[in-house]
file coords11.pdb (PDB, C-alpha atoms and all ligand atoms)
ATOM      1  CA  MET Y   1     -39.989   3.645   8.959
ATOM      2  CA  LYS Y   2     -37.971   1.367   6.727
ATOM      3  CA  LYS Y   3     -37.583   4.195   4.232
ATOM      4  CA  ALA Y   4     -36.310   6.544   6.945
ATOM      5  CA  LEU Y   5     -33.762   3.946   8.037
ATOM      6  CA  LYS Y   6     -32.629   3.542   4.451
ATOM      7  CA  VAL Y   7     -32.192   7.300   4.066
ATOM      8  CA  ILE Y   8     -30.216   7.474   7.315
ATOM      9  CA  SER Y   9     -27.969   4.590   6.306
ATOM     10  CA  LEU Y  10     -27.403   6.141   2.879
ATOM     11  CA  MET Y  11     -26.437   9.388   4.592
ATOM     12  CA  LEU Y  12     -24.056   7.484   6.846
ATOM     13  CA  VAL Y  13     -22.443   5.809   3.850
ATOM     14  CA  ALA Y  14     -21.987   9.223   2.242
ATOM     15  CA  VAL Y  15     -20.381  10.613   5.403
ATOM     16  CA  LEU Y  16     -18.064   7.606   5.634
ATOM     17  CA  MET Y  17     -17.092   7.996   1.991
ATOM     18  CA  VAL Y  18     -16.212  11.639   2.550
ATOM     19  CA  MET Y  19     -14.233  10.626   5.644
ATOM     20  CA  SER Y  20     -12.257   7.980   3.788
ATOM     21  CA  PHE Y  21     -11.643  10.414   0.934
ATOM     22  CA  ALA Y  22     -10.218  12.925   3.388
ATOM     23  CA  ALA Y  23      -8.171  10.246   5.092
ATOM     24  CA  CYS Y  24      -4.882  10.114   3.227
ATOM     25  CA  GLY Y  25      -2.028  12.515   3.499
ATOM     26  CA  SER Y  26      -2.287  16.120   4.523
ATOM     27  CA  LYS Y  27      -2.916  17.665   1.134
ATOM     28  CA  ASP Y  28      -6.237  18.760   2.556
ATOM     29  CA  ASP Y  29      -6.952  21.805   0.429
ATOM     30  CA  ALA Y  30      -7.410  19.643  -2.647
ATOM     31  CA  ALA Y  31      -9.567  17.219  -0.654
ATOM     32  CA  THR Y  32     -11.999  19.877   0.537
ATOM     33  CA  GLY Y  33     -13.149  20.222  -3.048
ATOM     34  CA  SER Y  34     -13.338  23.996  -3.230
ATOM     35  CA  ASP Y  35     -12.331  23.699  -6.879
ATOM     36  CA  THR Y  36     -15.518  22.350  -8.449
ATOM     37  CA  THR Y  37     -14.072  21.990 -11.955
ATOM     38  CA  LYS Y  38     -11.613  19.451 -10.578
ATOM     39  CA  GLU Y  39     -14.399  17.258  -9.228
ATOM     40  CA  ALA Y  40     -16.256  17.183 -12.505
ATOM     41  CA  LYS Y  41     -13.428  15.734 -14.571
ATOM     42  CA  THR Y  42     -12.737  12.007 -14.854
ATOM     43  CA  PRO Y  43     -10.168  11.029 -12.230
ATOM     44  CA  ALA Y  44      -6.886   9.527 -13.477
ATOM     45  CA  VAL Y  45      -7.553   6.340 -11.516
ATOM     46  CA  LYS Y  46     -10.323   4.826  -9.437
ATOM     47  CA  VAL Y  47     -10.505   2.065  -6.867
ATOM     48  CA  ILE Y  48     -13.103  -0.662  -7.343
ATOM     49  CA  GLU Y  49     -14.469  -0.661  -3.818
ATOM     50  CA  ILE Y  50     -14.974  -4.410  -3.524
ATOM     51  CA  ASN Y  51     -12.905  -6.599  -1.207
ATOM     52  CA  LEU Y  52     -11.227  -9.381  -3.144
ATOM     53  CA  THR Y  53      -9.611 -11.160  -0.191
ATOM     54  CA  ASP Y  54      -9.983 -11.565   3.523
ATOM     55  CA  GLU Y  55      -6.710 -10.881   5.380
ATOM     56  CA  ASP Y  56      -5.413 -10.199   8.864
ATOM     57  CA  TYR Y  57      -2.472  -7.918   9.574
ATOM     58  CA  ALA Y  58      -0.131  -8.869  12.407
ATOM     59  CA  PHE Y  59       3.390  -7.989  13.483
ATOM     60  CA  GLY Y  60       6.158 -10.454  12.707
ATOM     61  CA  VAL Y  61       8.303 -11.134  15.763
ATOM     62  CA  ASP Y  62      11.855 -12.522  15.850
ATOM     63  CA  LYS Y  63      11.523 -16.273  16.468
ATOM     64  CA  ASN Y  64      14.333 -16.167  19.022
ATOM     65  CA  GLN Y  65      12.488 -13.682  21.233
ATOM     66  CA  PRO Y  66       9.406 -15.402  22.701
ATOM     67  CA  GLU Y  67       9.399 -12.869  25.547
ATOM     68  CA  LEU Y  68       9.080 -10.029  23.006
ATOM     69  CA  LEU Y  69       6.153 -11.860  21.357
ATOM     70  CA  GLU Y  70       4.375 -11.967  24.694
ATOM     71  CA  LYS Y  71       4.979  -8.273  25.304
ATOM     72  CA  VAL Y  72       3.815  -7.375  21.798
ATOM     73  CA  ASN Y  73       0.635  -9.406  22.234
ATOM     74  CA  SER Y  74      -0.215  -7.843  25.568
ATOM     75  CA  PHE Y  75       0.565  -4.401  24.117
ATOM     76  CA  ILE Y  76      -1.847  -5.031  21.229
ATOM     77  CA  ALA Y  77      -4.531  -6.151  23.687
ATOM     78  CA  GLU Y  78      -3.899  -3.050  25.820
ATOM     79  CA  ILE Y  79      -4.085  -0.473  23.002
ATOM     80  CA  LYS Y  80      -7.145  -2.203  21.554
ATOM     81  CA  SER Y  81      -9.006  -2.039  24.855
ATOM     82  CA  ASN Y  82      -7.941   1.425  26.054
ATOM     83  CA  GLY Y  83      -8.823   3.257  22.850
ATOM     84  CA  THR Y  84      -5.244   4.051  21.782
ATOM     85  CA  PHE Y  85      -5.473   1.878  18.680
ATOM     86  CA  ASP Y  86      -8.698   3.526  17.509
ATOM     87  CA  ALA Y  87      -7.277   6.964  18.236
ATOM     88  CA  ILE Y  88      -4.247   6.182  16.049
ATOM     89  CA  CYS Y  89      -6.436   4.794  13.244
ATOM     90  CA  ASN Y  90      -8.702   7.837  13.395
ATOM     91  CA  LYS Y  91      -5.776  10.110  12.615
ATOM     92  CA  TYR Y  92      -5.424   8.324   9.308
ATOM     93  CA  PHE Y  93      -9.027   7.431   8.488
ATOM     94  CA  ALA Y  94     -10.841  10.432   9.906
ATOM     95  CA  GLY Y  95      -8.602  13.332   9.003
ATOM     96  CA  GLY Y  96      -6.513  13.733  12.165
ATOM     97  CA  THR Y  97      -2.923  14.926  12.287
ATOM     98  CA  PRO Y  98      -0.349  12.132  12.055
ATOM     99  CA  ASP Y  99       2.674  12.100  14.357
ATOM    100  CA  VAL Y 100       6.121  12.200  12.808
ATOM    101  CA  ILE Y 101       8.128   9.332  14.299
ATOM    102  CA  LYS Y 102      11.900   9.678  14.340
ATOM    103  CA  SER Y 103      14.223   6.699  14.086
ATOM    104  CA  ALA Y 104      17.335   6.536  16.256
ATOM    105  CA  ALA Y 105      20.575   5.409  14.636
ATOM    106  CA  LEU Y 106      21.202   1.694  15.019
ATOM    107  CA  ASP Y 107      23.581   1.131  17.938
ATOM    108  CA  SER Y 108      24.064  -2.360  19.333
ATOM    109  CA  THR Y 109      25.376  -0.970  22.638
ATOM    110  CA  LYS Y 110      21.958   0.614  23.313
ATOM    111  CA  ASP Y 111      18.661  -0.945  24.340
ATOM    112  CA  GLN Y 112      16.754  -0.563  21.083
ATOM    113  CA  LEU Y 113      13.660  -1.951  19.400
ATOM    114  CA  VAL Y 114      14.610  -2.472  15.761
ATOM    115  CA  VAL Y 115      11.582  -2.471  13.466
ATOM    116  CA  ALA Y 116      11.693  -3.617   9.843
ATOM    117  CA  THR Y 117       9.265  -1.946   7.476
ATOM    118  CA  ASN Y 118       8.703  -0.769   3.936
ATOM    119  CA  ALA Y 119       7.654   2.848   4.322
ATOM    120  CA  ALA Y 120       5.820   3.115   1.009
ATOM    121  CA  PHE Y 121       2.451   1.931   2.257
ATOM    122  CA  GLU Y 122       0.393   4.875   3.458
ATOM    123  CA  PRO Y 123      -1.611   4.879   5.755
ATOM    124  CA  PHE Y 124       0.331   2.130   7.556
ATOM    125  CA  GLU Y 125       3.879   3.394   7.003
ATOM    126  CA  TYR Y 126       5.344   6.165   4.902
ATOM    127  CA  THR Y 127       8.188   8.611   5.089
ATOM    128  CA  ASN Y 128       7.263  12.059   6.380
ATOM    129  CA  GLY Y 129      10.077  14.600   6.130
ATOM    130  CA  ASP Y 130      13.024  13.144   8.016
ATOM    131  CA  GLY Y 131      10.753  10.784   9.942
ATOM    132  CA  TYR Y 132       7.966   8.292   9.470
ATOM    133  CA  SER Y 133       4.196   8.362   9.845
ATOM    134  CA  GLY Y 134       1.484   5.751   9.643
ATOM    135  CA  ILE Y 135      -0.567   3.494  11.885
ATOM    136  CA  ASP Y 136       2.206   0.889  12.271
ATOM    137  CA  MET Y 137       4.851   3.554  12.923
ATOM    138  CA  GLU Y 138       2.793   5.168  15.690
ATOM    139  CA  ILE Y 139       2.200   1.756  17.256
ATOM    140  CA  ALA Y 140       5.947   1.040  16.956
ATOM    141  CA  LYS Y 141       6.772   4.251  18.818
ATOM    142  CA  ALA Y 142       4.207   3.577  21.558
ATOM    143  CA  LEU Y 143       5.447  -0.004  21.889
ATOM    144  CA  ALA Y 144       9.100   1.049  22.123
ATOM    145  CA  ASP Y 145       8.169   3.648  24.753
ATOM    146  CA  SER Y 146       6.248   1.091  26.792
ATOM    147  CA  LEU Y 147       9.209  -1.317  26.604
ATOM    148  CA  GLY Y 148      11.572   1.491  27.629
ATOM    149  CA  LYS Y 149      13.555   1.025  24.407
ATOM    150  CA  GLU Y 150      14.775   3.427  21.775
ATOM    151  CA  LEU Y 151      12.989   2.952  18.431
ATOM    152  CA  VAL Y 152      15.000   2.207  15.303
ATOM    153  CA  ILE Y 153      13.101   2.011  12.029
ATOM    154  CA  GLN Y 154      14.783   0.126   9.207
ATOM    155  CA  ASN Y 155      13.170   1.034   5.892
ATOM    156  CA  MET Y 156      13.702  -1.612   3.191
ATOM    157  CA  ASP Y 157      12.044  -3.307   0.213
ATOM    158  CA  PHE Y 158       8.905  -5.135   1.292
ATOM    159  CA  ASP Y 159      10.273  -8.506   0.259
ATOM    160  CA  SER Y 160      13.192  -8.085   2.707
ATOM    161  CA  VAL Y 161      11.046  -7.244   5.732
ATOM    162  CA  CYS Y 162      10.306 -10.786   6.973
ATOM    163  CA  LEU Y 163      13.717 -11.997   5.877
ATOM    164  CA  SER Y 164      15.544  -9.384   7.968
ATOM    165  CA  VAL Y 165      13.628 -10.505  11.067
ATOM    166  CA  GLY Y 166      14.337 -14.120  10.144
ATOM    167  CA  GLN Y 167      18.038 -13.248  10.060
ATOM    168  CA  HIS Y 168      17.677 -11.564  13.484
ATOM    169  CA  LYS Y 169      18.808  -8.217  12.061
ATOM    170  CA  CYS Y 170      15.522  -6.701  13.225
ATOM    171  CA  ASP Y 171      13.322  -7.528  16.222
ATOM    172  CA  LEU Y 172       9.989  -6.926  14.623
ATOM    173  CA  ALA Y 173       8.316  -6.598  11.225
ATOM    174  CA  MET Y 174       5.630  -3.899  11.211
ATOM    175  CA  ALA Y 175       4.547  -3.443   7.640
ATOM    176  CA  GLY Y 176       0.835  -3.951   7.070
ATOM    177  CA  LEU Y 177       1.947  -7.536   7.076
ATOM    178  CA  THR Y 178      -0.661 -10.142   6.182
ATOM    179  CA  VAL Y 179      -0.628 -13.311   8.239
ATOM    180  CA  LYS Y 180       0.497 -16.090   5.979
ATOM    181  CA  PRO Y 181       1.749 -19.476   7.251
ATOM    182  CA  GLU Y 182       4.618 -19.513   4.742
ATOM    183  CA  ARG Y 183       6.042 -16.357   6.350
ATOM    184  CA  GLU Y 184       6.277 -18.250   9.644
ATOM    185  CA  GLU Y 185       9.507 -19.685   8.332
ATOM    186  CA  TYR Y 186      10.955 -16.248   9.168
ATOM    187  CA  VAL Y 187       8.758 -14.706  11.866
ATOM    188  CA  THR Y 188       6.269 -15.577  14.575
ATOM    189  CA  PHE Y 189       3.053 -13.656  14.056
ATOM    190  CA  SER Y 190       1.573 -11.614  16.870
ATOM    191  CA  THR Y 191      -2.168 -11.584  17.431
ATOM    192  CA  PRO Y 192      -3.837  -9.892  14.446
ATOM    193  CA  TYR Y 193      -4.626  -6.185  14.836
ATOM    194  CA  TYR Y 194      -6.325  -5.189  11.578
ATOM    195  CA  LYS Y 195      -8.620  -6.733   8.934
ATOM    196  CA  ALA Y 196      -7.610  -6.028   5.359
ATOM    197  CA  SER Y 197      -8.366  -6.922   1.776
ATOM    198  CA  GLN Y 198      -6.979  -6.586  -1.724
ATOM    199  CA  ARG Y 199      -8.646  -4.169  -4.132
ATOM    200  CA  LEU Y 200      -8.376  -3.386  -7.812
ATOM    201  CA  ILE Y 201      -7.278   0.032  -9.112
ATOM    202  CA  VAL Y 202      -8.312   0.854 -12.678
ATOM    203  CA  LYS Y 203      -7.856   3.840 -14.979
ATOM    204  CA  GLY Y 204     -10.520   6.505 -14.523
ATOM    205  CA  THR Y 205     -11.787   5.866 -18.047
ATOM    206  CA  ASP Y 206     -12.085   2.088 -17.581
ATOM    207  CA  THR Y 207     -15.736   1.141 -17.094
ATOM    208  CA  LYS Y 208     -15.324  -2.667 -17.224
ATOM    209  CA  PHE Y 209     -15.810  -3.185 -13.497
ATOM    210  CA  ASP Y 210     -18.360  -0.426 -12.882
ATOM    211  CA  SER Y 211     -21.352  -2.737 -12.599
ATOM    212  CA  CYS Y 212     -19.613  -5.247 -10.304
ATOM    213  CA  THR Y 213     -21.302  -5.768  -6.980
ATOM    214  CA  ASP Y 214     -19.166  -8.408  -5.263
ATOM    215  CA  ALA Y 215     -15.822 -10.222  -5.411
ATOM    216  CA  ALA Y 216     -17.257 -12.967  -7.616
ATOM    217  CA  SER Y 217     -18.320 -10.482 -10.286
ATOM    218  CA  VAL Y 218     -14.894  -8.780 -10.253
ATOM    219  CA  GLU Y 219     -13.157 -12.154 -10.407
ATOM    220  CA  ALA Y 220     -15.366 -13.310 -13.284
ATOM    221  CA  ILE Y 221     -13.999 -10.397 -15.356
ATOM    222  CA  LEU Y 222     -10.407 -10.817 -14.145
ATOM    223  CA  LYS Y 223     -10.569 -14.463 -15.226
ATOM    224  CA  THR Y 224     -11.373 -13.492 -18.816
ATOM    225  CA  PHE Y 225      -8.047 -11.638 -19.117
ATOM    226  CA  ASP Y 226      -5.263 -13.376 -21.026
ATOM    227  CA  SER Y 227      -1.553 -12.574 -21.160
ATOM    228  CA  SER Y 228      -2.218  -9.392 -23.140
ATOM    229  CA  VAL Y 229      -3.405  -7.818 -19.863
ATOM    230  CA  LYS Y 230      -0.832  -6.678 -17.322
ATOM    231  CA  ILE Y 231      -1.535  -6.298 -13.610
ATOM    232  CA  GLY Y 232       0.908  -4.397 -11.384
ATOM    233  CA  VAL Y 233       1.610  -5.383  -7.765
ATOM    234  CA  GLN Y 234       4.188  -4.572  -5.089
ATOM    235  CA  ASN Y 235       6.883  -7.259  -5.056
ATOM    236  CA  GLY Y 236       6.413  -9.985  -2.465
ATOM    237  CA  THR Y 237       2.925  -8.952  -1.371
ATOM    238  CA  THR Y 238      -0.376 -10.798  -1.136
ATOM    239  CA  ALA Y 239      -1.415  -8.996  -4.333
ATOM    240  CA  GLN Y 240       1.377 -10.799  -6.178
ATOM    241  CA  LEU Y 241       0.130 -14.112  -4.794
ATOM    242  CA  TYR Y 242      -3.423 -13.197  -5.778
ATOM    243  CA  CYS Y 243      -2.285 -12.686  -9.379
ATOM    244  CA  GLU Y 244       0.108 -15.583  -9.618
ATOM    245  CA  GLY Y 245      -1.918 -18.033  -7.534
ATOM    246  CA  ASP Y 246      -1.164 -19.416  -4.075
ATOM    247  CA  ALA Y 247      -2.448 -22.680  -2.675
ATOM    248  CA  GLU Y 248      -1.969 -21.658   0.957
ATOM    249  CA  MET Y 249      -4.092 -18.509   0.540
ATOM    250  CA  GLU Y 250      -6.479 -20.408  -1.777
ATOM    251  CA  PHE Y 251      -5.848 -17.974  -4.640
ATOM    252  CA  PRO Y 252      -6.392 -19.753  -7.977
ATOM    253  CA  GLY Y 253      -4.333 -17.142  -9.860
ATOM    254  CA  LEU Y 254      -5.033 -15.206 -13.052
ATOM    255  CA  ASN Y 255      -3.914 -15.613 -16.666
ATOM    256  CA  ALA Y 256      -3.033 -11.941 -16.928
ATOM    257  CA  VAL Y 257       0.672 -11.116 -16.622
ATOM    258  CA  CYS Y 258       1.724 -10.028 -13.133
ATOM    259  CA  VAL Y 259       4.250  -7.156 -13.126
ATOM    260  CA  GLY Y 260       6.188  -6.486  -9.897
ATOM    261  CA  TYR Y 261       7.108  -3.005  -8.609
ATOM    262  CA  LYS Y 262       8.981  -1.650  -5.601
ATOM    263  CA  SER Y 263       5.822   0.091  -4.403
ATOM    264  CA  GLY Y 264       2.134   0.314  -5.174
ATOM    265  CA  SER Y 265       2.390   3.956  -6.208
ATOM    266  CA  LEU Y 266       5.064   3.171  -8.797
ATOM    267  CA  ALA Y 267       2.709   0.537 -10.209
ATOM    268  CA  VAL Y 268      -0.190   3.017 -10.385
ATOM    269  CA  GLN Y 269       2.074   5.612 -12.014
ATOM    270  CA  ASP Y 270       3.069   3.016 -14.618
ATOM    271  CA  MET Y 271      -0.605   2.292 -15.249
ATOM    272  CA  ILE Y 272      -1.173   5.992 -15.940
ATOM    273  CA  ASN Y 273       1.838   5.881 -18.277
ATOM    274  CA  GLY Y 274       0.057   3.125 -20.195
ATOM    275  CA  ASN Y 275       2.504   0.303 -19.454
ATOM    276  CA  ILE Y 276       0.126  -1.865 -17.431
ATOM    277  CA  ASN Y 277      -3.659  -2.147 -17.253
ATOM    278  CA  TYR Y 278      -4.494  -2.652 -13.578
ATOM    279  CA  VAL Y 279      -3.021  -2.586 -10.093
ATOM    280  CA  ILE Y 280      -3.958  -4.766  -7.135
ATOM    281  CA  ILE Y 281      -3.051  -3.637  -3.624
ATOM    282  CA  ASP Y 282      -4.482  -3.552  -0.087
ATOM    283  CA  ALA Y 283      -7.628  -1.409   0.274
ATOM    284  CA  ALA Y 284      -6.413   1.425   2.524
ATOM    285  CA  PRO Y 285      -3.181   2.052   0.549
ATOM    286  CA  ALA Y 286      -5.255   1.813  -2.667
ATOM    287  CA  ALA Y 287      -7.423   4.706  -1.441
ATOM    288  CA  CYS Y 288      -4.379   6.783  -0.449
ATOM    289  CA  ILE Y 289      -2.524   6.188  -3.705
ATOM    290  CA  ALA Y 290      -5.603   6.955  -5.806
ATOM    291  CA  GLN Y 291      -6.233  10.151  -3.879
ATOM    292  CA  SER Y 292      -2.712  11.497  -4.198
ATOM    293  CA  ILE Y 293      -2.364  10.501  -7.864
ATOM    294  CA  ASN Y 294      -5.727  12.054  -8.747
ATOM    295  CA  GLU Y 295      -4.661  15.290  -7.079
ATOM    296  CA  VAL Y 296      -1.728  15.775  -9.436
ATOM    297  CA  ASN Y 297      -3.150  14.326 -12.669
TER     298      ASN Y 297
HETATM  299  N1  LIG A 301      -0.585  -6.851   3.233
HETATM  300  C1  LIG A 301       0.229  -7.166   2.125
HETATM  301  C2  LIG A 301       1.181  -8.286   2.450
HETATM  302  O1  LIG A 301       1.452  -8.575   3.561
HETATM  303  C3  LIG A 301       1.029  -5.981   1.623
HETATM  304  C4  LIG A 301       1.902  -5.354   2.633
HETATM  305  C5  LIG A 301       2.822  -4.319   2.057
HETATM  306  N2  LIG A 301       3.407  -3.554   3.103
HETATM  307  C6  LIG A 301       4.302  -2.555   2.936
HETATM  308  N3  LIG A 301       4.722  -1.924   3.994
HETATM  309  N4  LIG A 301       4.697  -2.239   1.751
HETATM  310  O2  LIG A 301       1.679  -8.916   1.574
END
call {"tool": "encode", "arguments": {"input": "coords11.pdb", "output": "structure tokens"}}
result
Amino acid sequence: MKKALKVISLMLVAVLMVMSFAACGSKDDAATGSDTTKEAKTPAVKVIEINLTDEDYAFGVDKNQPELLEKVNSFIAEIKSNGTFDAICNKYFAGGTPDVIKSAALDSTKDQLVVATNAAFEPFEYTNGDGYSGIDMEIAKALADSLGKELVIQNMDFDSVCLSVGQHKCDLAMAGLTVKPEREEYVTFSTPYYKASQRLIVKGTDTKFDSCTDAASVEAILKTFDSSVKIGVQNGTTAQLYCEGDAEMEFPGLNAVCVGYKSGSLAVQDMINGNINYVIIDAAPAACIAQSINEVN
């Protein structure tokens, strides 16, 4: 009986792994694996599938708009309970077809919901043709519709996202944004809508972390690195804090050198180019970046 359960759970894990592999982007022909020679070769990069942190994503609301905060919170509760949130997530984690969300031009004479994001963070936000896709972008569109407002998406560097809401240039930050008290200087956080974690991306040939089983074993190795090791992160993100240390998040920090990039994919590309050794980024974007980079390398 126990054995049968184990077999079933192993099968489930395998199915889930296939699902998450098929999750990112729409380059599905490569993901179906019809080309068997491709699967046999060492991938350019791999994600160490161990959660290093425990984070909550929330939306960052303009501090001067408490009524918007209330509406955002009840909207989150509504889409969580009526299945809309899961349906949106399934598009990105279970191979559905993402919507392309168009941004209206900013016009202060119109009733608009102005959302600040950094659209280089698939599956939460990324550019798709002349529009945007991603879990946050679909929620933004549904929220704007329910508020009867036109949606404006302002795409900027991640480290400007909270700031722009703090300066009241945008109403809302929707950017796979981790709740962090320090950011409350600029925004008021909504209720959390997603649990996230940082993960490590390594070169396909790097076997150092292969036998790790938990965060402690990954961290034990990371701690041995001195300043000859370079770790890439997206500027202003939790990953940067994880590398550099942050009392508020209880991150002790590493001795390796932290190198900042505009996006996680630029960091991974630079790792392939041999300029840095590792990349740390949120788990779902890590999977997407690794998949798309491994398809072309
Ligand atoms: N969750 C991380 C943070 O809040 C990374 C978010 C990056 N988001 C983005 N849209 N680039 O720091």
call {"tool": "residues_near_ligand", "arguments": {"input": "coords11.pdb", "ligand": "ligand LIG 301 (chain A)", "cutoff": "6 Å", "atoms": "all atoms listed in the file", "output": "ChimeraX atom specification"}}
result
/Y:117-121,158,175-178,237-238
call {"tool": "resolve_selection", "arguments": {"input": "coords11.pdb", "expression": "the PyMOL selection byres (((chain Y and resi 59-72) around 6) and not hetatm)", "output": "list of chain:residue names"}}
result
Y:Ala58, Y:Asn73, Y:Ser74, Y:Phe75, Y:Val165, Y:Asp171, Y:Leu172, Y:Ala173, Y:Met174, Y:Val187, Y:Thr188, Y:Phe189, Y:Ser190
call {"tool": "residues_near_point", "arguments": {"input": "coords11.pdb", "point": "(-5.2, 6.2, 1.6)", "cutoff": "7 Å", "atoms": "all atoms listed in the file", "output": "PyMOL selection string"}}
result
chain Y and resi 23-24+122-123+284-289+291
call {"tool": "atom_distance", "arguments": {"input": "coords11.pdb", "atom1": "CA of Phe251 (chain Y)", "atom2": "CA of Ala283 (chain Y)"}}
result
17.4 Å
call {"tool": "resolve_selection", "arguments": {"input": "coords11.pdb", "expression": "the PyMOL selection byres (((chain Y and resi 52) around 9) and not hetatm)", "output": "number ranges by chain"}}
result
Y: 50-51, 53-54, 197-200, 214-216, 218-219
call {"tool": "closest_residue", "arguments": {"input": "coords11.pdb", "among": "Y:Ala94, Y:Thr205, Y:Ile221, Y:Gln269", "to": "Lys41 (chain Y)", "atoms": "all atoms listed in the file"}}
result
Y:Thr205
call {"tool": "atom_distance", "arguments": {"input": "coords11.pdb", "atom1": "CA of Lys80 (chain Y)", "atom2": "CA of Lys102 (chain Y)"}}
result
23.6 Å
call {"tool": "closest_residue", "arguments": {"input": "coords11.pdb", "among": "Y:Ala247, Y:Ile272, Y:Ala140, Y:Ala220", "to": "Val296 (chain Y)", "atoms": "all atoms listed in the file"}}
result
Y:Ile272
call {"tool": "closest_residue", "arguments": {"input": "coords11.pdb", "among": "Y:Glu295, Y:Lys203, Y:Leu222, Y:Ser81", "to": "Asp270 (chain Y)", "atoms": "all atoms listed in the file"}}
result
Y:Lys203
call {"tool": "atom_distance", "arguments": {"input": "coords11.pdb", "atom1": "CA of Ala77 (chain Y)", "atom2": "CA of Thr191 (chain Y)"}}
result
8.6 Å
call {"tool": "closest_residue", "arguments": {"input": "coords11.pdb", "among": "Y:Glu185, Y:Glu78, Y:Glu150, Y:Glu138", "to": "Pro98 (chain Y)", "atoms": "all atoms listed in the file"}}
result
Y:Glu138
